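Below is run_3.json, which holds JSON, C-alpha atoms and all ligand atoms.
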```json
[["chain", "number", "residue", "atom", "x", "y", "z"],
["A", 1, "MET", "CA", 29.94, -3.43, 15.74],
["A", 2, "LYS", "CA", 27.90, -2.23, 12.78],
["A", 3, "ILE", "CA", 25.18, 0.37, 13.26],
["A", 4, "ILE", "CA", 22.78, 1.25, 10.46],
["A", 5, "GLY", "CA", 20.86, 4.51, 10.42],
["A", 6, "ILE", "CA", 17.72, 4.58, 8.31],
["A", 7, "ALA", "CA", 16.24, 7.98, 7.52],
["A", 8, "SER", "CA", 12.81, 8.14, 5.92],
["A", 9, "SER", "CA", 12.46, 11.87, 5.38],
["A", 10, "PRO", "CA", 12.36, 13.14, 1.80],
["A", 11, "ARG", "CA", 14.29, 16.19, 3.03],
["A", 12, "LYS", "CA", 17.96, 15.39, 2.58],
["A", 13, "GLY", "CA", 19.86, 16.68, 5.59],
["A", 14, "GLY", "CA", 16.62, 17.52, 7.37],
["A", 15, "ASN", "CA", 15.99, 17.31, 11.09],
["A", 16, "SER", "CA", 15.22, 13.62, 11.51],
["A", 17, "GLN", "CA", 18.13, 12.54, 9.32],
["A", 18, "THR", "CA", 20.42, 14.87, 11.26],
["A", 19, "LEU", "CA", 19.15, 13.47, 14.57],
["A", 20, "VAL", "CA", 20.00, 9.96, 13.33],
["A", 21, "GLU", "CA", 23.43, 11.20, 12.20],
["A", 22, "HIS", "CA", 24.17, 12.52, 15.70],
["A", 23, "VAL", "CA", 23.30, 9.10, 17.16],
["A", 24, "LEU", "CA", 25.64, 7.50, 14.61],
["A", 25, "SER", "CA", 28.37, 10.00, 15.39],
["A", 26, "GLY", "CA", 28.22, 9.09, 19.11],
["A", 27, "ALA", "CA", 28.44, 5.42, 18.17],
["A", 28, "ARG", "CA", 31.49, 6.05, 15.99],
["A", 29, "GLU", "CA", 33.24, 7.69, 18.97],
["A", 30, "GLU", "CA", 32.95, 4.31, 20.69],
["A", 31, "GLY", "CA", 34.42, 2.53, 17.69],
["A", 32, "ALA", "CA", 31.28, 1.44, 15.83],
["A", 33, "GLU", "CA", 31.16, 1.24, 12.06],
["A", 34, "THR", "CA", 28.14, 3.19, 10.84],
["A", 35, "GLU", "CA", 26.15, 3.61, 7.65],
["A", 36, "LEU", "CA", 23.30, 5.98, 6.86],
["A", 37, "ILE", "CA", 20.61, 4.88, 4.45],
["A", 38, "ARG", "CA", 18.07, 7.35, 3.06],
["A", 39, "LEU", "CA", 14.96, 5.46, 2.02],
["A", 40, "CYS", "CA", 14.14, 8.09, -0.62],
["A", 41, "GLU", "CA", 17.35, 7.22, -2.44],
["A", 42, "ARG", "CA", 16.33, 3.58, -2.79],
["A", 43, "ASN", "CA", 13.74, 1.91, -4.98],
["A", 44, "ILE", "CA", 11.23, 0.41, -2.57],
["A", 45, "GLN", "CA", 7.96, -0.70, -4.11],
["A", 46, "PRO", "CA", 4.92, -1.20, -1.89],
["A", 47, "CYS", "CA", 3.97, -4.72, -0.80],
["A", 48, "THR", "CA", 1.27, -6.15, -3.08],
["A", 49, "GLY", "CA", 0.03, -8.65, -0.51],
["A", 50, "CYS", "CA", 0.59, -11.55, -2.92],
["A", 51, "ASN", "CA", 1.78, -13.73, -0.02],
["A", 52, "SER", "CA", 4.48, -15.36, -2.13],
["A", 53, "CYS", "CA", 6.74, -14.85, 0.87],
["A", 54, "LYS", "CA", 4.38, -17.03, 2.90],
["A", 55, "SER", "CA", 4.61, -19.88, 0.36],
["A", 56, "GLY", "CA", 8.34, -20.24, 0.82],
["A", 57, "ASN", "CA", 9.12, -18.45, -2.44],
["A", 58, "GLY", "CA", 10.33, -15.17, -1.01],
["A", 59, "CYS", "CA", 9.33, -11.73, -2.19],
["A", 60, "ILE", "CA", 8.60, -11.50, -5.91],
["A", 61, "ILE", "CA", 9.42, -7.78, -6.11],
["A", 62, "GLN", "CA", 12.92, -7.07, -7.32],
["A", 63, "ASP", "CA", 14.10, -3.74, -5.97],
["A", 64, "SER", "CA", 16.31, -2.28, -3.24],
["A", 65, "MET", "CA", 14.68, -4.28, -0.45],
["A", 66, "GLU", "CA", 16.85, -7.30, -1.14],
["A", 67, "ASP", "CA", 20.01, -5.30, -0.41],
["A", 68, "LEU", "CA", 18.39, -3.47, 2.49],
["A", 69, "CYS", "CA", 17.36, -6.73, 4.16],
["A", 70, "ASP", "CA", 20.93, -8.04, 3.77],
["A", 71, "THR", "CA", 22.26, -4.81, 5.28],
["A", 72, "LEU", "CA", 19.81, -5.09, 8.18],
["A", 73, "ALA", "CA", 20.76, -8.72, 8.72],
["A", 74, "GLU", "CA", 24.43, -7.76, 9.00],
["A", 75, "ALA", "CA", 23.81, -4.82, 11.37],
["A", 76, "ASP", "CA", 24.03, -5.13, 15.14],
["A", 77, "VAL", "CA", 21.95, -2.03, 15.76],
["A", 78, "LEU", "CA", 19.36, -0.07, 13.77],
["A", 79, "VAL", "CA", 18.61, 3.60, 14.34],
["A", 80, "PHE", "CA", 15.32, 4.43, 12.61],
["A", 81, "GLY", "CA", 14.66, 8.12, 12.02],
["A", 82, "SER", "CA", 11.49, 9.68, 10.71],
["A", 83, "PRO", "CA", 9.65, 12.97, 10.63],
["A", 84, "ILE", "CA", 6.12, 12.92, 12.03],
["A", 85, "TYR", "CA", 3.45, 13.43, 9.41],
["A", 86, "TRP", "CA", -0.10, 13.62, 10.72],
["A", 87, "SER", "CA", 0.89, 11.99, 14.02],
["A", 88, "ARG", "CA", 2.59, 8.99, 12.43],
["A", 89, "LEU", "CA", 5.59, 8.13, 10.25],
["A", 90, "ASN", "CA", 5.91, 9.76, 6.84],
["A", 91, "ALA", "CA", 4.66, 7.88, 3.77],
["A", 92, "GLN", "CA", 8.11, 6.80, 2.59],
["A", 93, "ALA", "CA", 8.63, 4.78, 5.77],
["A", 94, "TYR", "CA", 5.68, 2.46, 5.21],
["A", 95, "PRO", "CA", 6.65, 0.60, 2.01],
["A", 96, "PHE", "CA", 9.93, -0.28, 3.72],
["A", 97, "ILE", "CA", 8.15, -1.48, 6.85],
["A", 98, "ASP", "CA", 5.49, -3.41, 4.92],
["A", 99, "ARG", "CA", 8.11, -5.24, 2.90],
["A", 100, "LEU", "CA", 9.77, -6.54, 6.08],
["A", 101, "TYR", "CA", 6.77, -8.90, 6.13],
["A", 102, "ALA", "CA", 8.69, -11.04, 3.66],
["A", 103, "LEU", "CA", 11.17, -11.85, 6.42],
["A", 104, "LEU", "CA", 8.45, -13.63, 8.40],
["A", 105, "LYS", "CA", 7.60, -17.27, 7.81],
["A", 106, "PRO", "CA", 3.94, -18.46, 7.57],
["A", 107, "ASP", "CA", 3.87, -18.91, 11.36],
["A", 108, "PHE", "CA", 5.35, -15.40, 11.77],
["A", 109, "SER", "CA", 8.59, -16.74, 13.14],
["A", 110, "THR", "CA", 11.75, -15.67, 11.34],
["A", 111, "ASP", "CA", 15.20, -16.91, 10.49],
["A", 112, "PHE", "CA", 16.39, -13.30, 10.61],
["A", 113, "PRO", "CA", 19.54, -13.13, 12.80],
["A", 114, "LYS", "CA", 18.63, -12.43, 16.43],
["A", 115, "GLY", "CA", 20.24, -10.26, 19.11],
["A", 116, "LYS", "CA", 19.89, -6.90, 17.41],
["A", 117, "LYS", "CA", 18.96, -3.63, 19.07],
["A", 118, "MET", "CA", 17.13, -0.62, 17.76],
["A", 119, "ALA", "CA", 16.75, 3.04, 18.64],
["A", 120, "VAL", "CA", 14.21, 5.48, 17.26],
["A", 121, "ALA", "CA", 14.80, 9.14, 16.37],
["A", 122, "LEU", "CA", 11.79, 11.33, 15.58],
["A", 123, "THR", "CA", 11.38, 15.01, 14.86],
["A", 124, "CYS", "CA", 8.16, 16.93, 14.57],
["A", 125, "GLY", "CA", 6.48, 20.31, 14.78],
["A", 126, "GLY", "CA", 4.17, 20.90, 17.69],
["A", 127, "MET", "CA", 3.68, 17.49, 19.24],
["A", 128, "GLU", "CA", 5.02, 16.68, 22.69],
["A", 129, "GLU", "CA", 7.15, 13.66, 23.53],
["A", 130, "GLU", "CA", 4.28, 11.73, 25.14],
["A", 131, "GLN", "CA", 2.32, 12.11, 21.90],
["A", 132, "LEU", "CA", 5.24, 10.55, 20.01],
["A", 133, "ASN", "CA", 5.51, 7.54, 22.31],
["A", 134, "PRO", "CA", 2.91, 5.56, 20.28],
["A", 135, "VAL", "CA", 5.06, 5.98, 17.15],
["A", 136, "ASN", "CA", 8.14, 4.78, 19.01],
["A", 137, "ASP", "CA", 6.12, 1.88, 20.45],
["A", 138, "TYR", "CA", 4.83, 1.01, 16.97],
["A", 139, "LEU", "CA", 8.34, 0.83, 15.52],
["A", 140, "LYS", "CA", 9.59, -1.25, 18.44],
["A", 141, "PHE", "CA", 6.58, -3.57, 17.93],
["A", 142, "VAL", "CA", 7.26, -4.01, 14.19],
["A", 143, "PHE", "CA", 10.98, -4.61, 14.56],
["A", 144, "GLY", "CA", 10.30, -6.80, 17.59],
["A", 145, "PHE", "CA", 8.95, -9.40, 15.12],
["A", 146, "LEU", "CA", 12.48, -9.53, 13.72],
["A", 147, "GLY", "CA", 14.02, -9.84, 17.18],
["A", 148, "PHE", "CA", 15.17, -6.25, 17.63],
["A", 149, "THR", "CA", 15.09, -5.08, 21.25],
["A", 150, "ASP", "CA", 14.50, -1.54, 22.47],
["A", 151, "ALA", "CA", 17.71, 0.44, 22.92],
["A", 152, "GLY", "CA", 16.40, 3.99, 23.16],
["A", 153, "PHE", "CA", 14.31, 6.83, 21.86],
["A", 154, "VAL", "CA", 15.20, 10.43, 21.10],
["A", 155, "CYS", "CA", 12.89, 13.10, 19.72],
["A", 156, "GLN", "CA", 12.67, 16.83, 19.22],
["A", 157, "ASN", "CA", 9.73, 19.04, 18.41],
["A", 158, "GLN", "CA", 9.63, 22.57, 16.95],
["A", 159, "CYS", "CA", 11.69, 21.36, 13.98],
["A", 160, "PHE", "CA", 9.93, 22.98, 11.03],
["A", 161, "LEU", "CA", 12.72, 24.32, 8.84],
["A", 162, "PRO", "CA", 15.25, 21.67, 7.74],
["A", 163, "ASP", "CA", 17.99, 22.89, 10.09],
["A", 164, "ASP", "CA", 15.86, 23.74, 13.14],
["A", 165, "LEU", "CA", 17.38, 20.85, 15.10],
["A", 166, "ALA", "CA", 20.58, 22.93, 15.40],
["A", 167, "LYS", "CA", 18.68, 25.18, 17.85],
["A", 168, "TYR", "CA", 18.68, 22.33, 20.37],
["A", 169, "PRO", "CA", 22.30, 21.56, 21.34],
["A", 170, "ASP", "CA", 21.22, 19.62, 24.42],
["A", 171, "LYS", "CA", 19.16, 17.30, 22.20],
["A", 172, "ILE", "CA", 22.13, 16.85, 19.92],
["A", 173, "LYS", "CA", 24.24, 15.86, 22.95],
["A", 174, "GLU", "CA", 21.48, 13.47, 24.05],
["A", 175, "ALA", "CA", 21.47, 11.85, 20.61],
["A", 176, "GLU", "CA", 25.26, 11.48, 20.64],
["A", 177, "GLN", "CA", 25.10, 9.98, 24.12],
["A", 178, "LEU", "CA", 22.44, 7.54, 22.94],
["A", 179, "GLY", "CA", 24.80, 6.54, 20.14],
["A", 180, "ARG", "CA", 27.59, 5.87, 22.63],
["A", 181, "THR", "CA", 25.32, 3.68, 24.76],
["A", 182, "LEU", "CA", 24.33, 1.63, 21.71],
["A", 183, "VAL", "CA", 27.89, 0.37, 21.43],
["A", 184, "LYS", "CA", 28.05, -0.87, 25.02],
["A", 201, "LIG", "C1", 2.75, 16.56, 5.60],
["A", 201, "LIG", "C2", 3.28, 16.96, 6.94],
["A", 201, "LIG", "C3", 2.59, 16.58, 8.07],
["A", 201, "LIG", "C4", 3.06, 16.93, 9.34],
["A", 201, "LIG", "N1", 2.37, 16.51, 10.43],
["A", 201, "LIG", "C5", 2.84, 16.81, 11.65],
["A", 201, "LIG", "C6", 2.14, 16.37, 12.81],
["A", 201, "LIG", "O1", 1.11, 15.69, 12.76],
["A", 201, "LIG", "N2", 2.64, 16.72, 14.03],
["A", 201, "LIG", "C7", 3.79, 17.48, 14.17],
["A", 201, "LIG", "O2", 4.19, 17.77, 15.30],
["A", 201, "LIG", "N3", 4.49, 17.86, 13.07],
["A", 201, "LIG", "C8", 4.06, 17.55, 11.83],
["A", 201, "LIG", "N4", 4.76, 17.95, 10.73],
["A", 201, "LIG", "C9", 6.07, 18.64, 10.90],
["A", 201, "LIG", "C10", 7.25, 17.66, 10.71],
["A", 201, "LIG", "O3", 7.11, 16.51, 11.53],
["A", 201, "LIG", "C11", 8.57, 18.33, 11.12],
["A", 201, "LIG", "O4", 8.78, 19.47, 10.34],
["A", 201, "LIG", "C12", 9.75, 17.38, 11.04],
["A", 201, "LIG", "O5", 10.79, 17.85, 11.87],
["A", 201, "LIG", "C13", 10.27, 17.23, 9.62],
["A", 201, "LIG", "O6", 11.39, 16.36, 9.63],
["A", 201, "LIG", "P1", 12.50, 16.43, 8.49],
["A", 201, "LIG", "O7", 13.18, 17.78, 8.61],
["A", 201, "LIG", "O8", 13.43, 15.31, 8.81],
["A", 201, "LIG", "O9", 11.82, 16.25, 7.18],
["A", 201, "LIG", "C14", 4.29, 17.64, 9.45],
["A", 201, "LIG", "C15", 4.98, 18.02, 8.30],
["A", 201, "LIG", "C16", 4.49, 17.69, 7.06],
["A", 201, "LIG", "C17", 5.26, 18.09, 5.81]]
```

Re-express the file's structure as structure tokens.
Ligand SMILES: Cc1cc2nc3c(=O)[nH]c(=O)nc-3n(C[C@H](O)[C@H](O)[C@H](O)COP(=O)(O)O)c2cc1C
Amino acid sequence: MKIIGIASSPRKGGNSQTLVEHVLSGAREEGAETELIRLCERNIQPCTGCNSCKSGNGCIIQDSMEDLCDTLAEADVLVFGSPIYWSRLNAQAYPFIDRLYALLKPDFSTDFPKGKKMAVALTCGGMEEEQLNPVNDYLKFVFGFLGFTDAGFVCQNQCFLPDDLAKYPDKIKEAEQLGRTLVK
């Protein structure tokens, strides 16, 4: 089983990336092969809305998305991790999400391989879990178009400094446990 972690934070080794890494570490304990992808280390141009992808010609932009879509297609599970910026995902997450549009046919169906699961990992400052549910729901909605089904959600607030997540060992255990369940 292959599990891909995608981290959108510009802070390398920050809280949301670390939360994703704990999920991946739990999955590895159960024998999964894992890979972490930091969106900031890839070249992902924003969608121009040219609709070439809806004319059967695919996306005209040549950048890292081609490889990332192949990686996603090969993965059994996606763990998407993001910091919360102004109550939503951070800016770097959106070009990636927008460009997934190219995987949808004109009728919004897709040939993308089915049967995949996804989990979401969010960290934030002062917001409570119920305030983060819409962000989790949004991600599950987007990836639902590609056939991903909901396999879990983990979040932690009060994570301001890059290593604040370390103050929450129970959350780290929860993330690792989530990772283990993803393999089953
Ligand atoms: C521009 C910006 C906007 C933010 N907006 C929010 C917010 O609306 N709600 C919140 O609880 N935290 C907010 N935060 C705090 C981050 O979500 C928090 O520090 C997060 O854990 C950072 O994740 P990272 O360490 O992976 O980068 C914001 C931080 C920044 C830099």

**OP:** Could you tell me, counting all atoms listed in the file, which protein and nucleic acid residues lie no more than 7 Å from ligand LIG 201 (chain A), written as a PyMOL selection string?
**Re:** chain A and resi 9-11+14-17+82-88+123-127+157+159-162

Original post:
Could you pull the residues within 10 Å of Ile172 of chain A, counting all atoms listed in the file, minus those fewer than 5 positions along the same chain, as a ChimeraX atom specification?
Top reply: /A:18-23,26,154-156,165-167,177-178

**OP:** Record the distance separating atom CA of Ile97 of chain A and atom CA of Met65 of chain A, expressed in Å with one decimal.
**Re:** 10.2 Å

**OP:** Please indicate the distance in Å from atom CA of Gln131 of chain A to atom CA of Pro46 of chain A, rounded to one decimal place.
**Re:** 27.4 Å

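The list of residues with at least one atom within 8 Å of segment 144-147 of chain A, based on all atoms listed in the file and without residues fewer than 4 positions apart in the same chain, reads Leu103, Leu104, Phe108, Ser109, Thr110, Phe112, Pro113, Lys114, Gly115, Lys116 and Lys140 of chain A.
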
Original post:
Counting all atoms listed in the file, what is within 7 Å of Asp76 of chain A, bar same-chain residues fewer than 6 positions away, as a PyMOL selection string?
Top reply: chain A and resi 1-3+116-117

**OP:** Quick one: pull the distance between atom CA of Met118 of chain A and atom CA of Ala73 of chain A, Å, one decimal.
**Re:** 12.7 Å

Neighbouring residues of Arg180 of chain A were defined as those with any atom within 10 Å, considering all atoms listed in the file; residues of the same chain fewer than 6 positions away were excluded. Please report them as a PDB file with C-alpha atoms, keeping the file's coordinate frame.
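Saved as out_28.pdb:
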```
ATOM      1  CA  VAL A  23      23.300   9.100  17.160  1.00  0.00           C
ATOM      2  CA  LEU A  24      25.640   7.500  14.610  1.00  0.00           C
ATOM      3  CA  SER A  25      28.370  10.000  15.390  1.00  0.00           C
ATOM      4  CA  GLY A  26      28.220   9.090  19.110  1.00  0.00           C
ATOM      5  CA  ALA A  27      28.440   5.420  18.170  1.00  0.00           C
ATOM      6  CA  ARG A  28      31.490   6.050  15.990  1.00  0.00           C
ATOM      7  CA  GLU A  29      33.240   7.690  18.970  1.00  0.00           C
ATOM      8  CA  GLU A  30      32.950   4.310  20.690  1.00  0.00           C
ATOM      9  CA  GLY A  31      34.420   2.530  17.690  1.00  0.00           C
ATOM     10  CA  ALA A  32      31.280   1.440  15.830  1.00  0.00           C
ATOM     11  CA  GLU A 174      21.480  13.470  24.050  1.00  0.00           C
TER      12      GLU A 174
END
```

**OP:** Using all atoms listed in the file, pick whichever of A:Ala175, A:Leu68, A:Ala75, A:Leu100 has the shortest atom-to-atom distance to Leu122 of chain A.
**Re:** A:Ala175

**OP:** Could you give me, as a ChimeraX atom specification, the residues that have an atom at most 12 Å away from the point (5.6, -20.5, 2.6) in the coordinates of the file, using only C-alpha atoms?
**Re:** /A:50-59,102-110

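Checking A:Ile44, A:Ala119, A:Ile6, A:Ile37 one by one against Leu182 of chain A, counting only C-alpha atoms, you find the shortest gap at A:Ala119.
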
**OP:** Pick out the residues sitting within 9 Å of Ile4 of chain A, and hand them over as an MDAnalysis selection string; count only C-alpha atoms, and ignore anything fewer than 4 positions along from it in its own chain.
**Re:** chainID A and resid 24 33:37 71:72 75:80

Print the selection's residues with C-alpha atoms to a file, as a CSV table (one decimal), in the frame of the given file.
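Output below, filename out.csv:
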```csv
chain,number,residue,atom,x,y,z
A,24,LEU,CA,25.6,7.5,14.6
A,33,GLU,CA,31.2,1.2,12.1
A,34,THR,CA,28.1,3.2,10.8
A,35,GLU,CA,26.2,3.6,7.6
A,36,LEU,CA,23.3,6.0,6.9
A,37,ILE,CA,20.6,4.9,4.4
A,71,THR,CA,22.3,-4.8,5.3
A,72,LEU,CA,19.8,-5.1,8.2
A,75,ALA,CA,23.8,-4.8,11.4
A,76,ASP,CA,24.0,-5.1,15.1
A,77,VAL,CA,22.0,-2.0,15.8
A,78,LEU,CA,19.4,-0.1,13.8
A,79,VAL,CA,18.6,3.6,14.3
A,80,PHE,CA,15.3,4.4,12.6
```

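Using only C-alpha atoms, the smallest distance between any of A:Ala121, A:Leu139, A:Gly13, A:Thr149 and Lys171 of chain A comes from A:Ala121.
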
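Minimum atom-to-atom distances from A:Ser64, A:Asn90, A:Gln158, A:Thr48 to Glu128 of chain A were compared using only C-alpha atoms, and the lowest value belongs to A:Gln158.
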